[in-house]
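Report on the structure given below.
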Amino acid sequence: MTTTVKTNSLTLVTAITDALAVMLKDDENVLLLGEDIGKNGGVFRATEGLQAEFGEDRVIDTPLSEAGFVGAAIGMAANGLKPVVEIQFLGFIYPAYEQLMTHAVRLRSRTLGHYSVPLVIRAPYGAGVRAPEIHCDSTEAIFTHMPGMKVVCPSNPYDAKGLMIAAIEDPDPVLFLEPMRSYRAVKENVPEGKYSIEIGKGNKLVEGDDVTIITWGAMVPVVMNATKRLRDDDVSCDVIDLRTLSPLDEELIAESVQKTGRTVIVQEAHPTSSVANDIMSVINETCFLYQKAPVEKVSGFDTPVPYFSYEDFYLPTPERVIHAVTKVMNF
Amino acid sequence: MTTTVKTNSLTLVTAITDALAVMLKDDENVLLLGEDIGKNGGVFRATEGLQAEFGEDRVIDTPLSEAGFVGAAIGMAANGLKPVVEIQFLGFIYPAYEQLMTHAVRLRSRTLGHYSVPLVIRAPYGAGVRAPEIHCDSTEAIFTHMPGMKVVCPSNPYDAKGLMIAAIEDPDPVLFLEPMRSYRAVKENVPEGKYSIEIGKGNKLVEGDDVTIITWGAMVPVVMNATKRLRDDDVSCDVIDLRTLSPLDEELIAESVQKTGRTVIVQEAHPTSSVANDIMSVINETCFLYQKAPVEKVSGFDTPVPYFSYEDFYLPTPERVIHAVTKVMNF
Amino acid sequence: MTTIRMVEGGTTMENQFPIQQFLDPQGNWISENHQELLTEERTKEFYQQMIRIRTFDRKAVSLQRQGRIGTYAAFEGQEASQVGSALALNKKDWIFPTYRDHGATMTFGHSLRNVLLFWNGRNEGNIPPEGLNIFPPGIPIATQLPHAVGAAFAEKRKGTKKAVITYFGDGATSEGDFHEGLNFASVFSSPVVFFNQNNQYAISVPMSKQMKTKTIAQKGLAYDIPSVRIDGNDVFSVYVHTLEALERARAGQGPTLIEAVTWRYGAHTTADDPSKYRDQQESTNRREESDPLLRLERCMKQNGWFNEEWVNKITNDAVQEVEQAVEEMEAYVKPDPAMIFDYVYQEITPSLAKQKKALLHMLGGDEQ
Amino acid sequence: MTTIRMVEGGTTMENQFPIQQFLDPQGNWISENHQELLTEERTKEFYQQMIRIRTFDRKAVSLQRQGRIGTYAAFEGQEASQVGSALALNKKDWIFPTYRDHGATMTFGHSLRNVLLFWNGRNEGNIPPEGLNIFPPGIPIATQLPHAVGAAFAEKRKGTKKAVITYFGDGATSEGDFHEGLNFASVFSSPVVFFNQNNQYAISVPMSKQMKTKTIAQKGLAYDIPSVRIDGNDVFSVYVHTLEALERARAGQGPTLIEAVTWRYGAHTTADDPSKYRDQQESTNRREESDPLLRLERCMKQNGWFNEEWVNKITNDAVQEVEQAVEEMEAYVKPDPAMIFDYVYQEITPSLAKQKKALLHMLGGDEQ
Ligand SMILES: Cc1ncc(C[n+]2csc(CCOP(=O)(O)OP(=O)(O)O)c2C)c(N)n1
Ligand SMILES: Cc1ncc(C[n+]2csc(CCOP(=O)(O)OP(=O)(O)O)c2C)c(N)n1
Ligand SMILES: [Mg+2]
Ligand SMILES: [Mg+2]
């Protein structure tokens, strides 16, 4: 017997809206909180129409106070609700850093599981859309350094919906990073209704033998572009979309690097104390005898994300990826 | 002609008091801000006697608001003062994370140097003194991931004074981490008056050929203990006290690892997205062809720093260091 | 230039928020209201609870001195604030305390053993007795206020009549979380009571350096939150005003801010030396003048309810109960290293499992 | 149970903080105070500045539409608040603006070209003209308040008579930094003016969802900070009250909170669509009713000071000046990649130098 699943053609951002709608229907304890998410539907329209459909007590505009409403959401989560909080841009999450660092991620261990915090924090992030300063940060690493937090980042509409549903169903706090640059980059057919993608599992986008390229989020299209051009030079790349930054899919990374012996990591963040270095640590531990060349990092720089007239200099480009791959190939 | 420098026998914490006194005398624009630093002399007595000596307008008790007084200190620094702010424990700096991340470290680049923030943030940190929860965090990495910030951490009285004076004279924001556990661990003769230790330079504590051990702060004595015991087994260790966590002394690291080919990194922090991984990245880049074994990390865990009855399980021990050294030696 | 009138709070606020007192320090009932509350039974109930928690508090201080628990925060002097407010709660309500409010949580029903475990560096101590909603003590100042507001928001949404109380000090009012918590509660009219114990010091920092205002109650005006300033050493005033605030909450009238003016007689914590920043003679004087227990004794004597034997009995009962708790705390199973890994996530991650395995192996290797 | 009186701010606050107005929407002087200020010269100075910045504002919106600058935040409707307050400053004072306050900074003397550069993603635009103390616009809401307080603290410490003004919106009052900034300023009596432009929306969130209170001025009561609520579209009221607040600051009397009630006629930014959350007809009506420029025109007409030619002349001057600035902005040297590395620290670090070298090499490699 075959079942046909209806699909809709969605962008990454509309796939998120779809996931939120599915979960608002599915569980009456799910509620959305944030600035301008109600009537306005969010500054990126991620919650478009949801307040109209589910009401003002499910989709709630909060006062302009990230620490306050994240802290309140922690209390809600500990008391039976499942808040999904929108931070308007990741660069504005910092006032809530304490509530996340000292409470959201610790309440379970502080009480040996008596209380827990099933909380999702959504945040658009990254540069490349000519946004004003601070709106473009990609500081994933200050959250992967939070024991108790999970950090996910989809690169396409299908993953976005599946990961969002998994995040809302997760019993622990999840930071859900949304690459602004990819919000409307492509449309694809996304299944209707509920499905989820396991948090902690990466995705092999391309199979290849010469070099492993590890990336996620908005850097995926940059890497895919480079990969195509490299194929013409007969360099075959094994491309991994991590999808989850914490916990890392160490198996997938090790298996690939043990095969290729060469690695290029592509990320937008500042290189120091970044997720790229976590990946290197996994490779150091699992692939020492397989490595044919040092790992190459293609990354943003240890500078603030520059004002948008300079951001193209900051962001990794296919050229920089190709340059790095060539370097590991010719080592 | 020889000059004899008078010295005083000081602990790490009294060496800091001495440095603060020297700089308060040296520059009338230096002032101290924080909770309980006045009459009370700080909860660790780091500012003992300074308000009495320099007055209430130089050593200032602030309201209990980390974001507020760090933000105010940024305004003071941009307007000609040199504030040295005490955060009572590093675990209480999180409310000020935004002010540091979006302002202290960015004002210079935002204004191409027209405004700058010569600010020192002092914070006792680390576990091992049976303190209550949150008081024991060692989240250095969320600051090394801040472009524009410098992060230093002394392991002994002499370095503490020299680095503090360098930090106060630095034209940019410096996070000065003070390992609580080492505050009164040893006394040493420290020169009177003004001297400084260059920020960004590590210190070779022991010369050896077999294995490089890289550490800092409160982990230095743990490593020294292990090193002595290893010497009896004829393992000769090259021990580096980093002293500065950002920017890293890449030359010193590379030169040592190129010599030994084996590395053990010892830190108290959570391993994921930590400074240890930054060191691995330096080794990957500079020592690929020299490495005889994978780098070993002896670290805290990816768990919240546990309540103090559990903290001994969390903290690296000489045994764990020896175990790691043996592992790299026998690889 | 002639001055434009600018409305100024300032001096008028102490008059706008007079300290509400029912029982004066001599133990006389000085209010026309609630005379009916002044019964032998209730007075003795208050007194017994205060004896009980003071007994615990003093024992804990000496345990710390003997190195049998870690750093400890004593509440002596604040018993009326903690007992009066906790006894006003329903058993299904929520408490969000700080490190100094276990007098309230123990009155509410927390396990004395668990409170001692907490102070001995055991997170097991954060688990409340079956059916009681007691959050672990907020260590970072003021951070528990938004949690309380969120929990209250959730109760309102579920349509229950449960209310929430959160405790915090004078110093806590300077934190952003105080402001954001009160604003959120007022906007959503959440059923929460903000119970401030103004003991007039934040460690060494006196109220005069913490804020320019002479009252904390007036800070409610910034949010249109009804506020009241009360004598925090008058257990009747604390009880009545907390009851009323809770009724407002249950009736859907939203949050209330209570400023209970009190004093801690001892050190901030056992790690603190108050003589560095204040003359402890003042504490001694205040003790004679307005100790909350003395006040009730005077009241009971005046009403002929005071009974030496009874006092000895309840004191001994308290000592027994506390000793029992100390024994249980010290007999408690020793720390298991696995615990630090097993509650980070509901399900341990692969890399955490590896870290756990490595540590357990090391410990095994070193110990056996 | 009989109710204990709890002092409630609530409804009384609108009466405690009546909106101070000198010039009514019809252009009539309705106050007994400061009549002397109503001179042809001053009126025309106010008007000319408002024409100037509105010309800039409208030009910037159209530049954004043409893709010649990035997202832009228009201030149209708030000109009286920005011009009146900025003209009250001394040249040596400090301004801490937000992204919507370049009307104030340009009035104060900021370079129009630099303001355009800022909106075109060039941090070069943050450099103020020689001798002017203008901080870069605060992007994270309310974060500039503590900076302003610290700068004011420094001026007081240096013993100067310089004062500081900081601008912020209604939404900003919900952030912890607002609370902590005001508390710090009141405790240290810092010479700072907290100038709130209450345009009644934070993007799509109306004041009623942002706070329960009907005024922002009342929030000063929480800190004993003198506060006043004024008509932000009445440039005279703005000017006089800001002057007085600045005088209080210079006289060592500490901070003042000014709530200037106003309205933005357009979108939050060029990326915003206000029709999603409010009926723009209301903006149209308000424009006719209380546009700050119209009000001055009416006033000038009533006093026989209005002069078509003069209006045309100053309008053309403004257009010239703005066009000139646009040309300079567009002729500005193109972005140099080295810049992103050269100002992170006073002295570049070795690893940053490596990163810089690698990028420049890549770009060289790709471009030539
Ligand atoms: C965010 C934060 N900063 C600093 C501290 C250190 N600290 C612990 S208690 C305390 C004083 C609190 O005073 P108050 O709020 O009046 O409560 P009290 O201790 O008087 O009961 C301080 C500064 C902390 N716990 N959290
Ligand atoms: C900390 C922070 N959170 C969110 C934002 C996104 N944001 C930009 S402007 C704005 C509304 C600000 O409203 P208000 O303070 O009233 O100023 P206005 O824009 O009306 O002038 C928001 C939420 C931000 N810039 N900073
Ligand atoms: Mg107190
Ligand atoms: Mg507004």
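The chains in the structure tokens are called A, B, ... from first to last as shown; in each chain the residues are counted from 1, and the ligands are counted from 1 in the order shown.
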
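Taking the backbone of this structure through DSSP, the residues of range 94-160 of chain B that come out as strand (DSSP E) are B:Val120, B:Ile121, B:Arg122, B:Ala123, B:Pro124, B:Tyr125, B:Lys150, B:Val151, B:Val152.
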
Using only C-alpha atoms and all ligand atoms, which residues have at least one atom no more than 6 Å from ligand 2? Output them as a VMD selection string.
(chain A and resid 64 88 92) or (chain D and resid 100 139 to 141 168 to 172 199 201 to 203)

At most 8 Å to chain A: residues in chain B, only C-alpha atoms, as a ChimeraX atom specification:
/B:94-98,101-102,106,109,134,139,141-142,144-148,270-275,277-278,280-281,284-285,288,293-295,302-304

Create the file for the chosen residues now, containing C-alpha atoms and written as an mmCIF file, in the first residue's frame.
```
data_model
loop_
_atom_site.group_PDB
_atom_site.id
_atom_site.type_symbol
_atom_site.label_atom_id
_atom_site.label_comp_id
_atom_site.auth_asym_id
_atom_site.auth_seq_id
_atom_site.Cartn_x
_atom_site.Cartn_y
_atom_site.Cartn_z
ATOM 1 C CA TYR B 94 26.567 37.548 31.988
ATOM 2 C CA PRO B 95 24.137 40.451 32.486
ATOM 3 C CA ALA B 96 26.906 42.686 31.116
ATOM 4 C CA TYR B 97 27.600 40.405 28.170
ATOM 5 C CA GLU B 98 25.758 42.655 25.739
ATOM 6 C CA MET B 101 29.983 42.257 23.089
ATOM 7 C CA THR B 102 28.219 45.048 21.228
ATOM 8 C CA ARG B 106 33.357 47.462 18.900
ATOM 9 C CA SER B 109 36.163 49.850 14.884
ATOM 10 C CA ILE B 134 27.497 29.974 39.298
ATOM 11 C CA THR B 139 33.740 30.487 30.591
ATOM 12 C CA ALA B 141 35.825 31.201 25.594
ATOM 13 C CA ILE B 142 32.748 33.396 25.362
ATOM 14 C CA THR B 144 37.964 35.030 23.412
ATOM 15 C CA HIS B 145 35.183 34.831 20.769
ATOM 16 C CA MET B 146 34.790 38.629 21.066
ATOM 17 C CA PRO B 147 36.922 40.388 18.450
ATOM 18 C CA GLY B 148 38.372 43.470 20.113
ATOM 19 C CA HIS B 270 34.008 23.023 29.146
ATOM 20 C CA PRO B 271 35.831 21.442 26.173
ATOM 21 C CA THR B 272 33.352 22.397 23.451
ATOM 22 C CA SER B 273 34.159 25.761 21.832
ATOM 23 C CA SER B 274 36.937 26.345 24.331
ATOM 24 C CA VAL B 275 40.392 27.899 24.266
ATOM 25 C CA ASN B 277 40.365 24.001 20.709
ATOM 26 C CA ASP B 278 41.915 27.296 19.648
ATOM 27 C CA MET B 280 44.574 22.786 18.589
ATOM 28 C CA SER B 281 43.822 25.012 15.637
ATOM 29 C CA ASN B 284 46.988 22.092 13.143
ATOM 30 C CA GLU B 285 48.196 25.113 11.233
ATOM 31 C CA PHE B 288 51.136 19.220 11.133
ATOM 32 C CA ALA B 293 50.379 11.827 18.367
ATOM 33 C CA PRO B 294 46.978 13.453 18.493
ATOM 34 C CA VAL B 295 46.682 16.357 20.886
ATOM 35 C CA ASP B 302 30.458 19.675 28.832
ATOM 36 C CA THR B 303 28.342 19.860 31.960
ATOM 37 C CA PRO B 304 27.524 22.866 34.110
#
```

Counting only C-alpha atoms, collect the residues of chain A whose closest atom lies at most 6 Å from chain D, and write them out as a PyMOL selection string.
chain A and resi 36+39-40+63-65+307-309

Resulting file, chosen residues, all heavy atoms, as a JSON list (two decimals), in the first residue's frame:
```json
[["chain", "number", "residue", "atom", "x", "y", "z"],
["A", 36, "ASP", "N", 7.06, 42.01, 17.92],
["A", 36, "ASP", "CA", 6.49, 42.22, 16.57],
["A", 36, "ASP", "C", 6.11, 40.93, 15.86],
["A", 36, "ASP", "O", 6.03, 40.91, 14.63],
["A", 36, "ASP", "CB", 7.48, 43.01, 15.70],
["A", 36, "ASP", "CG", 7.93, 44.30, 16.36],
["A", 36, "ASP", "OD1", 7.10, 45.21, 16.49],
["A", 36, "ASP", "OD2", 9.10, 44.38, 16.81],
["A", 39, "LYS", "N", 0.45, 40.92, 15.07],
["A", 39, "LYS", "CA", -0.13, 41.56, 13.88],
["A", 39, "LYS", "C", 0.89, 41.69, 12.77],
["A", 39, "LYS", "O", 0.62, 41.46, 11.61],
["A", 39, "LYS", "CB", -0.60, 42.98, 14.25],
["A", 39, "LYS", "CG", -2.05, 43.08, 14.64],
["A", 39, "LYS", "CD", -2.44, 44.56, 14.69],
["A", 39, "LYS", "CE", -3.82, 44.75, 15.29],
["A", 39, "LYS", "NZ", -4.11, 46.18, 15.54],
["A", 40, "ASN", "N", 2.10, 42.08, 13.16],
["A", 40, "ASN", "CA", 3.13, 42.37, 12.16],
["A", 40, "ASN", "C", 3.67, 41.09, 11.51],
["A", 40, "ASN", "O", 4.29, 41.15, 10.47],
["A", 40, "ASN", "CB", 4.27, 43.15, 12.82],
["A", 40, "ASN", "CG", 5.16, 43.86, 11.82],
["A", 40, "ASN", "OD1", 4.65, 44.47, 10.88],
["A", 40, "ASN", "ND2", 6.46, 43.73, 11.98],
["A", 63, "PRO", "N", 6.84, 42.99, 25.54],
["A", 63, "PRO", "CA", 7.60, 44.23, 25.66],
["A", 63, "PRO", "C", 9.03, 44.02, 25.14],
["A", 63, "PRO", "O", 9.49, 42.88, 24.99],
["A", 63, "PRO", "CB", 7.61, 44.50, 27.17],
["A", 63, "PRO", "CG", 6.40, 43.80, 27.69],
["A", 63, "PRO", "CD", 6.28, 42.57, 26.83],
["A", 64, "LEU", "N", 9.72, 45.11, 24.88],
["A", 64, "LEU", "CA", 11.05, 45.09, 24.28],
["A", 64, "LEU", "C", 12.08, 44.78, 25.36],
["A", 64, "LEU", "O", 12.78, 45.69, 25.83],
["A", 64, "LEU", "CB", 11.31, 46.46, 23.64],
["A", 64, "LEU", "CG", 12.15, 46.53, 22.38],
["A", 64, "LEU", "CD1", 12.20, 47.95, 21.87],
["A", 64, "LEU", "CD2", 13.49, 45.91, 22.51],
["A", 65, "SER", "N", 12.15, 43.54, 25.78],
["A", 65, "SER", "CA", 13.06, 43.20, 26.88],
["A", 65, "SER", "C", 13.45, 41.73, 26.80],
["A", 65, "SER", "O", 12.78, 40.87, 27.35],
["A", 65, "SER", "CB", 12.39, 43.50, 28.22],
["A", 65, "SER", "OG", 11.16, 42.81, 28.33],
["A", 307, "TYR", "N", 30.42, 46.79, 8.89],
["A", 307, "TYR", "CA", 29.26, 47.48, 8.30],
["A", 307, "TYR", "C", 29.06, 46.94, 6.88],
["A", 307, "TYR", "O", 29.98, 46.48, 6.24],
["A", 307, "TYR", "CB", 29.52, 48.99, 8.29],
["A", 307, "TYR", "CG", 29.20, 49.68, 9.60],
["A", 307, "TYR", "CD1", 29.53, 49.10, 10.82],
["A", 307, "TYR", "CD2", 28.55, 50.91, 9.61],
["A", 307, "TYR", "CE1", 29.23, 49.73, 12.02],
["A", 307, "TYR", "CE2", 28.23, 51.55, 10.81],
["A", 307, "TYR", "CZ", 28.58, 50.96, 12.01],
["A", 307, "TYR", "OH", 28.27, 51.60, 13.18],
["A", 308, "PHE", "N", 27.82, 47.01, 6.39],
["A", 308, "PHE", "CA", 27.47, 46.20, 5.22],
["A", 308, "PHE", "C", 28.23, 46.55, 3.94],
["A", 308, "PHE", "O", 28.36, 45.71, 3.06],
["A", 308, "PHE", "CB", 25.95, 46.16, 4.99],
["A", 308, "PHE", "CG", 25.32, 47.45, 4.52],
["A", 308, "PHE", "CD1", 25.50, 47.92, 3.24],
["A", 308, "PHE", "CD2", 24.49, 48.15, 5.39],
["A", 308, "PHE", "CE1", 24.90, 49.08, 2.81],
["A", 308, "PHE", "CE2", 23.86, 49.32, 4.95],
["A", 308, "PHE", "CZ", 24.08, 49.78, 3.66],
["A", 309, "SER", "N", 28.76, 47.76, 3.85],
["A", 309, "SER", "CA", 29.56, 48.05, 2.65],
["A", 309, "SER", "C", 30.86, 47.26, 2.64],
["A", 309, "SER", "O", 31.54, 47.20, 1.61],
["A", 309, "SER", "CB", 29.86, 49.55, 2.55],
["A", 309, "SER", "OG", 28.69, 50.24, 2.20]]
```

Polymer residues at most 10 Å from Val117 in chain B, only C-alpha atoms, same-chain spacing of 3 or more positions, as a PyMOL selection string
chain B and resi 73-83+103-108+113+120+148+170-174

Contacts from chain D to chain C, 8 Å maximum, only C-alpha atoms: show me the residue list as a PyMOL selection string.
chain D and resi 2-4+6-10+16-17+33-34+174-177+179-180+183-184+186-187+209-213+216+218-228+241+244

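In this model, the gap between CA of Gln280 in chain C and CA of Glu76 in chain C comes to 13.8 Å.
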
Write out as JSON, numbers by chain the set of residues from range 271-357 of chain C that DSSP, computed on the backbone, places in alpha helix (DSSP H).
{"C": [280, 281, 282, 283, 284, 285, 286, 287, 288, 289, 290, 292, 293, 294, 295, 296, 297, 298, 299, 300, 301, 302, 308, 309, 310, 311, 312, 313, 314, 315, 316, 317, 318, 319, 320, 321, 322, 323, 324, 325, 326, 327, 328, 329, 330, 339, 340, 341, 342, 350, 351, 352, 353, 354, 355, 356, 357]}

For Ala80 in chain D, find every residue with an atom within 9 Å (counting only C-alpha atoms), except residues of its own chain fewer than 4 positions away, and show them as a ChimeraX atom specification.
/D:46-47,50,84-85,232-236,238-239,262,291-293

Which polymer residues have any atom within 10 Å of an atom of Arg181 in chain B, counting only C-alpha atoms, with same-chain residues fewer than 2 positions away left out, as a PyMOL selection string?
chain B and resi 12+124-130+155+178-179+183-185+217-219

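Distance check against Leu242 in chain B using only C-alpha atoms: of B:Ala167, B:Leu20, B:Cys153, B:Ile322, the minimum falls on B:Cys153.
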
Find the spatial neighbours of Pro316 in chain B, counting only C-alpha atoms, within a cut-off of 7 Å - ignore same-chain residues fewer than 5 positions away - and output them as a compact mmCIF listing (two decimals) with N, CA and C atoms, in the first residue's frame.
```txt
# COMPACT_ATOMS: atom_id res chain seq x y z
N GLU B 268 40.35 24.15 32.64
CA GLU B 268 39.25 23.86 33.54
C GLU B 268 37.90 23.97 32.83
N VAL B 298 42.99 17.69 28.55
CA VAL B 298 42.50 17.41 29.91
C VAL B 298 41.71 18.64 30.30
N SER B 299 40.43 18.43 30.58
CA SER B 299 39.52 19.56 30.60
C SER B 299 38.39 19.31 31.58
N GLY B 300 37.69 20.38 31.91
CA GLY B 300 36.39 20.19 32.55
C GLY B 300 35.51 19.45 31.56
```

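Residues in contact with Ala123 in chain B at 7 Å, where only C-alpha atoms are counted and same-chain residues fewer than 2 positions away are skipped, are listed as Glu86, Ile87, Gln88, Phe89, Leu90, Ile121, Tyr125, Phe176, Leu177 and Glu178 of chain B.
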
Nearest candidate to ligand 1 (options C:Pro255, C:Gly266, C:Pro129, C:Gly159; using only C-alpha atoms and all ligand atoms):
C:Gly266

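A straight line drawn from CA of Asn8 in chain B to CA of Arg243 in chain B is 21.9 Å long.
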
Minimum-distance residue to ligand 3, chosen among C:Glu36, C:Glu259, C:Glu41, C:Asp93 (using only C-alpha atoms and all ligand atoms)
C:Glu259
